[in-house]
Amino acid sequence: MLSVKNLSVDINGTHIIKDVSFEVKKGEVVLILGPNGAGKTTLLKAVAGLITCEGEVKWSEGVKIGFVPQKLDFQQNIPMTVEELFSIVHGIKNKKEIEKYLSFSRASHLQSRQLKELSGGELQRILIAFVMAENPNVLLFDEPMAGIDIGGEETIYQHLQHIVKEHGLTVLMVSHDLSVVFRIADKVICLNKTIQCIGAPKEIKDTMLEDLYGGDVALYPHAGHDH
């Protein structure tokens, strides 16, 4: 689905990411891990074609990318309902069609709500539905849990798993949340300007994570729970 070779991004002479190479298969969920300033968001924007980069980024023919940023880029306090947002931006005026897209993230009950009344978790679910209205077959998520409480995170992860499974999507996700590794990821990319490690979650050793984050970090899968 995606082939990245020797990808580098320089800003004002500073290497943000350098010589990054990896592949993503159709239907894979790939998690990009790394400390602050590691270049995770930059990598996501580079493969999406949103910023200038060196190297090769090659998507399979027919790919349609949906990019889900950390937050909606608008003033939340403006008087607008969720369905009005869909109507204005996507031109979708049919309420049943809007409800269909909202159902992808189980947010149909929010259709008539004012945007300014929504919690962080509810807004994130709207954002996912908003991107799904573009009918993508690839989703790029940039820190989907940023600013959301633990209960909200659990709900969003459940929605993501549901969407990926039901629609056979390929996913690249940036996250600081190590618990998501064993839960939904097929592949992990450990990034700190360059790739430090890459592989299936079970192949990522504690020592690799300690080197990546510079401290005592470990993953413990047990009894259906991940830490």
# chains A, B, ... in the order shown; residues from 1 in each chain; ligands from 1

call {"tool": "residues_around", "arguments": {"residues": "Glu84 in chain A", "least_positions_apart": "3", "cutoff": "10 Å", "atoms": "only C-alpha atoms", "output": "PyMOL selection string"}}
result
chain A and resi 79-81+87-93+95+98+111-115

call {"tool": "closest_residue", "arguments": {"among": "A:Val57, A:Ala46, A:Leu169, A:Met132", "to": "Phe86 in chain A", "atoms": "only C-alpha atoms"}}
result
A:Met132

call {"tool": "select_by_dssp", "arguments": {"residues": "range 104-142 of chain A", "states": "strand (DSSP E or B)", "output": "PyMOL selection string"}}
result
chain A and resi 114+138-142

call {"tool": "write_last_selection", "arguments": {"atoms": "all heavy atoms", "output": "PDB file, in the first residue's frame"}}
result
ATOM      1  N   GLN A 114     -24.761  21.333  19.245  1.00  0.00           N
ATOM      2  CA  GLN A 114     -23.883  22.450  18.942  1.00  0.00           C
ATOM      3  C   GLN A 114     -22.425  22.019  19.162  1.00  0.00           C
ATOM      4  O   GLN A 114     -22.114  21.330  20.141  1.00  0.00           O
ATOM      5  CB  GLN A 114     -24.199  23.638  19.847  1.00  0.00           C
ATOM      6  CG  GLN A 114     -25.534  24.306  19.557  1.00  0.00           C
ATOM      7  CD  GLN A 114     -25.455  25.224  18.345  1.00  0.00           C
ATOM      8  OE1 GLN A 114     -24.414  25.796  18.039  1.00  0.00           O
ATOM      9  NE2 GLN A 114     -26.578  25.370  17.660  1.00  0.00           N
ATOM     10  N   VAL A 138      -7.403   4.832   3.343  1.00  0.00           N
ATOM     11  CA  VAL A 138      -6.262   4.966   4.250  1.00  0.00           C
ATOM     12  C   VAL A 138      -6.570   6.082   5.240  1.00  0.00           C
ATOM     13  O   VAL A 138      -7.039   7.151   4.854  1.00  0.00           O
ATOM     14  CB  VAL A 138      -4.963   5.311   3.485  1.00  0.00           C
ATOM     15  CG1 VAL A 138      -3.830   5.590   4.472  1.00  0.00           C
ATOM     16  CG2 VAL A 138      -4.571   4.191   2.539  1.00  0.00           C
ATOM     17  N   LEU A 139      -6.326   5.815   6.523  1.00  0.00           N
ATOM     18  CA  LEU A 139      -6.503   6.842   7.550  1.00  0.00           C
ATOM     19  C   LEU A 139      -5.158   7.141   8.203  1.00  0.00           C
ATOM     20  O   LEU A 139      -4.435   6.231   8.605  1.00  0.00           O
ATOM     21  CB  LEU A 139      -7.492   6.374   8.626  1.00  0.00           C
ATOM     22  CG  LEU A 139      -8.972   6.347   8.260  1.00  0.00           C
ATOM     23  CD1 LEU A 139      -9.792   5.837   9.443  1.00  0.00           C
ATOM     24  CD2 LEU A 139      -9.473   7.718   7.839  1.00  0.00           C
ATOM     25  N   LEU A 140      -4.839   8.425   8.310  1.00  0.00           N
ATOM     26  CA  LEU A 140      -3.650   8.882   9.018  1.00  0.00           C
ATOM     27  C   LEU A 140      -4.116   9.637  10.256  1.00  0.00           C
ATOM     28  O   LEU A 140      -4.838  10.634  10.150  1.00  0.00           O
ATOM     29  CB  LEU A 140      -2.805   9.803   8.124  1.00  0.00           C
ATOM     30  CG  LEU A 140      -2.393   9.258   6.746  1.00  0.00           C
ATOM     31  CD1 LEU A 140      -1.500  10.268   6.032  1.00  0.00           C
ATOM     32  CD2 LEU A 140      -1.684   7.917   6.865  1.00  0.00           C
ATOM     33  N   PHE A 141      -3.727   9.149  11.431  1.00  0.00           N
ATOM     34  CA  PHE A 141      -4.139   9.745  12.695  1.00  0.00           C
ATOM     35  C   PHE A 141      -2.947  10.387  13.383  1.00  0.00           C
ATOM     36  O   PHE A 141      -1.929   9.726  13.621  1.00  0.00           O
ATOM     37  CB  PHE A 141      -4.707   8.681  13.644  1.00  0.00           C
ATOM     38  CG  PHE A 141      -6.076   8.198  13.296  1.00  0.00           C
ATOM     39  CD1 PHE A 141      -6.250   6.984  12.656  1.00  0.00           C
ATOM     40  CD2 PHE A 141      -7.201   8.936  13.623  1.00  0.00           C
ATOM     41  CE1 PHE A 141      -7.511   6.511  12.346  1.00  0.00           C
ATOM     42  CE2 PHE A 141      -8.469   8.481  13.308  1.00  0.00           C
ATOM     43  CZ  PHE A 141      -8.616   7.263  12.671  1.00  0.00           C
ATOM     44  N   ASP A 142      -3.080  11.665  13.734  1.00  0.00           N
ATOM     45  CA  ASP A 142      -2.029  12.363  14.477  1.00  0.00           C
ATOM     46  C   ASP A 142      -2.488  12.559  15.913  1.00  0.00           C
ATOM     47  O   ASP A 142      -3.289  13.447  16.208  1.00  0.00           O
ATOM     48  CB  ASP A 142      -1.727  13.708  13.823  1.00  0.00           C
ATOM     49  CG  ASP A 142      -0.549  14.417  14.471  1.00  0.00           C
ATOM     50  OD1 ASP A 142       0.143  13.788  15.300  1.00  0.00           O
ATOM     51  OD2 ASP A 142      -0.307  15.592  14.149  1.00  0.00           O
TER      52      ASP A 142
END

call {"tool": "residues_around", "arguments": {"residues": "range 1-7 of chain A", "least_positions_apart": "5", "cutoff": "8 Å", "atoms": "only C-alpha atoms", "output": "list in words"}}
result
Ile17, Lys18, Asp19, Val20, Ser21, Phe22, Glu23, Val24, Lys25, Lys26, Val47, Cys53, Glu54, Gly55, Glu56, Val57, Lys58, Trp59, Ser60 and Val63 of chain A
